[in-house]
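The file my_file_15.cif comes next; it holds mmCIF, C-alpha atoms and all ligand atoms.
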```cif
data_work
#
loop_
_atom_site.label_atom_id
_atom_site.label_comp_id
_atom_site.auth_asym_id
_atom_site.auth_seq_id
_atom_site.Cartn_x
_atom_site.Cartn_y
_atom_site.Cartn_z
CA MET A 13 14.69 76.53 38.05
CA ILE A 14 14.32 76.10 41.83
CA GLU A 15 16.71 74.35 44.18
CA VAL A 16 16.07 74.33 47.90
CA HIS A 17 18.84 72.73 49.94
CA ARG A 18 18.40 71.90 53.65
CA VAL A 19 16.46 75.05 54.36
CA SER A 20 15.29 75.83 57.86
CA LYS A 21 13.39 78.86 59.03
CA VAL A 22 12.89 79.91 62.63
CA TYR A 23 10.84 82.99 63.46
CA SER A 24 11.69 84.92 66.60
CA VAL A 25 8.63 86.25 68.35
CA GLY A 26 10.06 88.19 71.28
CA PRO A 27 12.02 85.59 73.25
CA VAL A 28 10.11 82.72 71.62
CA LYS A 29 11.55 80.77 68.68
CA VAL A 30 8.96 79.43 66.26
CA PRO A 31 10.34 76.78 63.89
CA ALA A 32 8.49 77.05 60.58
CA LEU A 33 10.66 74.97 58.21
CA ARG A 34 13.11 72.19 59.08
CA GLU A 35 15.72 70.88 56.65
CA VAL A 36 13.55 71.26 53.57
CA SER A 37 15.12 70.10 50.29
CA PHE A 38 13.67 69.71 46.80
CA ARG A 39 14.22 70.73 43.19
CA ILE A 40 11.70 71.99 40.71
CA ALA A 41 12.49 71.77 37.01
CA LYS A 42 11.57 74.37 34.42
CA GLY A 43 7.96 73.96 33.34
CA GLU A 44 6.89 71.81 36.31
CA PHE A 45 3.57 72.40 38.06
CA VAL A 46 4.03 71.60 41.75
CA VAL A 47 1.35 71.59 44.41
CA LEU A 48 2.58 72.47 47.88
CA THR A 49 0.20 71.19 50.48
CA GLY A 50 -0.07 70.54 54.20
CA ALA A 51 -2.19 71.58 57.16
CA SER A 52 -2.51 75.14 58.36
CA GLY A 53 0.80 76.17 59.93
CA ALA A 54 2.80 73.51 58.04
CA GLY A 55 5.06 76.17 56.48
CA LYS A 56 3.68 76.66 52.95
CA THR A 57 3.53 80.46 53.02
CA THR A 58 6.91 80.65 54.73
CA LEU A 59 8.43 78.55 51.95
CA LEU A 60 6.85 80.60 49.15
CA ARG A 61 8.05 83.82 50.78
CA LEU A 62 11.59 82.47 50.79
CA LEU A 63 11.31 81.65 47.07
CA TYR A 64 10.66 85.26 46.07
CA ARG A 65 13.11 86.56 48.61
CA ASP A 66 10.50 88.22 50.78
CA ASP A 67 12.41 86.70 53.69
CA LEU A 68 15.67 84.83 54.25
CA PRO A 69 16.13 81.27 55.48
CA SER A 70 17.73 80.78 58.91
CA GLU A 71 19.84 78.00 57.40
CA GLY A 72 20.36 76.39 54.03
CA ASP A 73 20.59 77.52 50.42
CA ILE A 74 18.02 78.51 47.85
CA GLU A 75 18.54 79.01 44.15
CA VAL A 76 15.75 80.41 42.01
CA LEU A 77 16.06 81.26 38.29
CA GLY A 78 19.82 81.14 38.56
CA TYR A 79 19.98 83.51 41.54
CA ASN A 80 21.52 82.34 44.78
CA LEU A 81 18.99 84.01 47.11
CA VAL A 82 20.93 84.21 50.35
CA PRO A 83 23.70 86.67 49.41
CA LEU A 84 21.52 88.52 46.88
CA ARG A 85 22.00 92.28 46.50
CA ARG A 86 19.06 94.65 46.50
CA TRP A 87 19.11 95.36 42.74
CA GLN A 88 19.26 91.64 42.09
CA VAL A 89 16.25 91.13 44.35
CA ALA A 90 14.34 93.55 42.13
CA ALA A 91 15.43 91.64 39.01
CA LEU A 92 14.44 88.33 40.59
CA ARG A 93 10.98 89.62 41.52
CA ARG A 94 10.40 90.94 38.00
CA SER A 95 10.69 87.33 36.85
CA ILE A 96 8.22 85.94 39.38
CA GLY A 97 4.45 86.38 39.30
CA VAL A 98 2.74 86.10 42.68
CA VAL A 99 -0.92 85.60 43.59
CA PHE A 100 -2.41 85.51 47.06
CA GLN A 101 -5.68 84.51 48.67
CA ASP A 102 -6.97 88.09 48.35
CA ALA A 103 -6.99 89.54 44.85
CA LYS A 104 -5.87 92.97 46.16
CA LEU A 105 -7.08 94.87 43.09
CA LEU A 106 -7.03 98.67 43.00
CA PRO A 107 -10.73 99.49 43.51
CA VAL A 108 -10.79 102.72 41.46
CA ARG A 109 -9.25 101.09 38.39
CA THR A 110 -10.85 98.83 35.81
CA VAL A 111 -9.71 95.25 35.34
CA TYR A 112 -7.79 96.39 32.26
CA GLU A 113 -6.03 99.15 34.18
CA ASN A 114 -5.24 96.85 37.11
CA VAL A 115 -3.56 94.36 34.80
CA ALA A 116 -1.84 97.09 32.73
CA PHE A 117 -0.57 98.96 35.78
CA VAL A 118 2.82 97.28 36.17
CA LEU A 119 3.56 97.54 32.43
CA ARG A 120 2.73 101.26 32.54
CA VAL A 121 5.08 101.74 35.49
CA LEU A 122 7.82 100.02 33.49
CA GLY A 123 7.14 102.36 30.58
CA ALA A 124 6.14 99.71 28.05
CA PRO A 125 4.84 101.03 24.70
CA ARG A 126 1.05 101.39 24.56
CA ARG A 127 0.57 98.84 21.74
CA GLU A 128 2.56 96.27 23.66
CA ILE A 129 0.58 96.96 26.84
CA THR A 130 -2.75 96.44 25.06
CA GLU A 131 -1.57 93.24 23.47
CA ARG A 132 -0.14 91.78 26.66
CA VAL A 133 -3.11 92.75 28.82
CA PHE A 134 -5.61 91.18 26.43
CA ASP A 135 -3.43 88.10 26.14
CA ALA A 136 -3.39 87.71 29.92
CA LEU A 137 -7.15 88.33 30.21
CA ARG A 138 -7.85 85.77 27.48
CA ILE A 139 -5.76 83.13 29.27
CA VAL A 140 -7.78 83.58 32.47
CA GLY A 141 -11.09 83.85 30.56
CA LEU A 142 -11.80 87.45 31.50
CA SER A 143 -11.60 89.32 28.19
CA SER A 144 -15.23 90.40 28.36
CA ARG A 145 -14.75 92.00 31.80
CA ALA A 146 -11.84 94.29 30.90
CA GLN A 147 -13.82 97.47 31.52
CA ALA A 148 -15.46 96.31 34.77
CA TYR A 149 -14.44 97.70 38.16
CA PRO A 150 -13.39 95.29 40.94
CA ALA A 151 -16.63 95.91 42.88
CA GLN A 152 -18.60 94.59 39.89
CA LEU A 153 -16.71 91.28 39.83
CA SER A 154 -17.51 87.98 41.49
CA GLN A 155 -14.75 86.72 43.81
CA GLY A 156 -13.73 84.21 41.18
CA GLU A 157 -13.49 86.90 38.51
CA ALA A 158 -11.50 89.14 40.86
CA GLN A 159 -9.08 86.30 41.51
CA ARG A 160 -8.74 85.65 37.78
CA ALA A 161 -7.96 89.36 37.30
CA ALA A 162 -5.23 89.03 39.95
CA LEU A 163 -3.92 86.02 38.07
CA ALA A 164 -3.87 88.00 34.81
CA ARG A 165 -1.95 90.76 36.59
CA ALA A 166 0.58 88.21 37.85
CA ILE A 167 1.27 86.76 34.39
CA VAL A 168 1.09 89.92 32.26
CA ARG A 169 4.88 90.24 32.23
CA ARG A 170 5.07 86.58 31.17
CA PRO A 171 7.22 85.55 34.13
CA PRO A 172 8.94 82.17 33.89
CA LEU A 173 7.81 81.38 37.45
CA LEU A 174 4.39 81.81 39.08
CA LEU A 175 3.86 81.39 42.82
CA ALA A 176 0.28 81.11 44.08
CA ASP A 177 -0.50 81.11 47.81
CA GLU A 178 -4.00 79.75 48.49
CA PRO A 179 -5.47 81.48 45.41
CA THR A 180 -8.70 79.50 45.80
CA GLY A 181 -8.98 79.94 49.57
CA ASN A 182 -11.89 82.38 49.38
CA LEU A 183 -13.76 80.68 46.55
CA ASP A 184 -16.53 78.14 46.26
CA GLU A 185 -15.81 74.88 44.46
CA ALA A 186 -16.92 76.00 41.00
CA MET A 187 -14.91 79.20 41.11
CA ALA A 188 -11.90 77.37 42.53
CA ALA A 189 -12.07 74.95 39.60
CA GLU A 190 -11.96 77.88 37.17
CA ILE A 191 -8.80 79.21 38.81
CA LEU A 192 -7.20 75.78 38.64
CA GLU A 193 -8.08 75.49 34.95
CA ALA A 194 -6.51 78.89 34.32
CA LEU A 195 -3.39 77.80 36.22
CA LYS A 196 -3.18 74.61 34.16
CA ASP A 197 -3.41 76.66 30.96
CA ILE A 198 -0.64 78.94 32.20
CA GLY A 199 1.44 75.89 33.07
CA SER A 200 0.94 74.31 29.67
CA GLY A 201 2.34 77.50 28.16
CA GLY A 202 5.66 76.61 29.82
CA THR A 203 5.43 78.66 33.03
CA THR A 204 6.76 76.92 36.13
CA ILE A 205 4.08 76.99 38.85
CA VAL A 206 4.12 76.41 42.59
CA LEU A 207 0.62 76.37 44.05
CA ALA A 208 0.25 76.30 47.83
CA THR A 209 -3.05 75.05 49.21
CA HIS A 210 -4.22 73.47 52.44
CA GLN A 211 -7.23 72.08 50.55
CA ALA A 212 -6.01 68.48 50.23
CA ARG A 213 -8.95 67.33 48.13
CA LEU A 214 -8.39 70.13 45.68
CA ALA A 215 -4.68 69.33 45.55
CA ALA A 216 -5.53 65.73 44.71
CA THR A 217 -7.83 66.65 41.80
CA LEU A 218 -4.94 68.44 40.09
CA ARG A 219 -2.94 65.22 39.64
CA ARG A 220 0.36 67.05 39.64
CA ARG A 221 3.54 66.50 41.65
CA THR A 222 2.62 67.21 45.25
CA VAL A 223 5.04 68.22 47.99
CA THR A 224 3.43 67.80 51.41
CA LEU A 225 4.74 69.73 54.38
CA ASP A 226 4.05 68.59 57.92
CA GLY A 227 5.31 70.71 60.79
CA GLY A 228 7.91 72.29 58.50
CA HIS A 229 9.22 68.96 57.16
CA VAL A 230 8.74 67.56 53.69
CA ALA A 231 6.56 64.58 54.59
CA LYS A 232 5.87 63.47 51.00
CA ASP A 233 6.99 64.40 47.54
CA GLU A 234 5.18 62.36 44.92
CA GLY A 235 3.38 62.33 41.61
N1 LIG A 301 5.86 86.33 60.49
C1 LIG A 301 5.81 85.31 61.36
N2 LIG A 301 6.25 85.46 62.63
C2 LIG A 301 6.22 84.44 63.50
N3 LIG A 301 5.75 83.20 63.21
C3 LIG A 301 5.30 82.99 61.97
C4 LIG A 301 5.29 84.03 60.99
N4 LIG A 301 4.78 83.52 59.83
C5 LIG A 301 4.48 82.23 60.11
N5 LIG A 301 4.79 81.91 61.38
C6 LIG A 301 4.65 80.57 61.99
O1 LIG A 301 5.35 79.66 61.19
C7 LIG A 301 4.62 78.44 61.02
C8 LIG A 301 4.34 78.21 59.56
O2 LIG A 301 3.40 79.20 59.12
P1 LIG A 301 2.96 79.37 57.60
O3 LIG A 301 2.17 80.62 57.52
O4 LIG A 301 4.15 79.25 56.73
O5 LIG A 301 2.03 78.09 57.39
P2 LIG A 301 1.02 77.74 56.22
O6 LIG A 301 1.31 76.33 55.87
O7 LIG A 301 1.11 78.76 55.15
O8 LIG A 301 -0.41 77.81 56.93
P3 LIG A 301 -1.85 78.24 56.34
O9 LIG A 301 -2.39 77.01 55.64
O10 LIG A 301 -2.63 78.56 57.56
O11 LIG A 301 -1.66 79.40 55.43
C9 LIG A 301 3.41 78.59 61.92
O12 LIG A 301 3.71 78.03 63.16
C10 LIG A 301 3.22 80.07 62.01
O13 LIG A 301 2.59 80.41 63.20
MG MG A 302 -0.26 80.05 54.28
#
```
So that I can check it, write out the structure of this file as structure tokens.
Amino acid sequence: MIEVHRVSKVYSVGPVKVPALREVSFRIAKGEFVVLTGASGAGKTTLLRLLYRDDLPSEGDIEVLGYNLVPLRRWQVAALRRSIGVVFQDAKLLPVRTVYENVAFVLRVLGAPRREITERVFDALRIVGLSSRAQAYPAQLSQGEAQRAALARAIVRRPPLLLADEPTGNLDEAMAAEILEALKDIGSGGTTIVLATHQARLAATLRRRTVTLDGGHVAKDEG
């Protein structure tokens, strides 16, 4: 599913070189739920961005869902991204659309039949526990609900891989726990999940394989 082989990433900021990842290697099997943790600046976001080909490594190879990401052509990048759901710290919902419409949006753009859209949207909302809020607007939602709507939007195409970058970063403990439960449900449906969080305590409560980055190195990979 994912194979990262001796990947390094150096950002150039003017004349300054900022090393973000150093010789990172690991494999993630289909259906695994992996927590990516480490202090702020350890390289978690950088690594996730490389996995959905938002950026290229400076060195090393990455294979995701059978695609070799380094020489990938533009149309293949689009195909890769269609197979990856992504959630961020901010839900980034369209404010003038209901929850239903936010989740349905990408299916509409792809021209899916209306019956299929309805079925898939309600499926996704049920998985994240938000069925009753389908007609609400983002401003009417709690932060936890908004984040669950973003999660529903990320899984509505039933992607085999879900990447989540600090999805609980803005949430209190109770709301964070709800997101984690939703992620576990998604994982038990067979979706491969990589969850990045700097919240070490939260990472520990998940009791899943945990890859710890420290200064761009894999410091630990256990569980
Ligand atoms: N676009 C960029 N340009 C230059 N440097 C960057 C860029 N993105 C990240 N960095 C640097 O790369 C290193 C890793 O950053 P990254 O955002 O991947 O860490 P992180 O583990 O996600 O941190 P956080 O927990 O704060 O989100 C840091 O030193 C950061 O300053
Ligand atoms: Mg980050």
Find the residues near ligand LIG 301 (chain A). Use a cut-off of 12 Å, count all atoms listed in the file, and write them as a VMD selection string. chain A and resid 20 to 34 48 to 62 66 to 68 100 to 101 176 to 181 207 to 212 223 to 230
Go ahead and find all residues with at least one atom no further than 7 Å from (-11.3, 81.5, 39.4) in the file's coordinates, using all atoms listed in the file; report them as a PyMOL selection string. chain A and resi 156-157+159-160+187-191
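When the distance limit is 12 Å and all atoms listed in the file are what count, the residues near His17 in chain A, minus those fewer than 3 positions from it on the same chain, are Ile14, Ser20, Leu33, Arg34, Glu35, Val36, Ser37, Phe38, Arg39, Ile40, Pro69, Glu71, Gly72, Asp73, Ile74, Glu75, Val76, Asn80, Leu81, Val82 and Val230 of chain A.
Distance-wise, CA of Pro83 in chain A and CA of Ser70 in chain A end up 12.7 Å apart.
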Atomic distance CA of Ala216 in chain A - CA of Lys196 in chain A, expressed in Å with one decimal: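 CA of Ala216 in chain A sits 14.0 Å away from CA of Lys196 in chain A.
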Using all atoms listed in the file: which of A:Val111, A:Val19, A:Leu214, A:Val118 has the shortest distance to Ser143 in chain A: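 Selected residue with least distance to Ser143 in chain A: A:Val111.
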So the first atom is CA of Thr203 in chain A and the second is CA of Leu218 in chain A; what is the distance between them in Å, to one decimal place?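 Value for the CA of Thr203 in chain A-CA of Leu218 in chain A distance: 16.2 Å.
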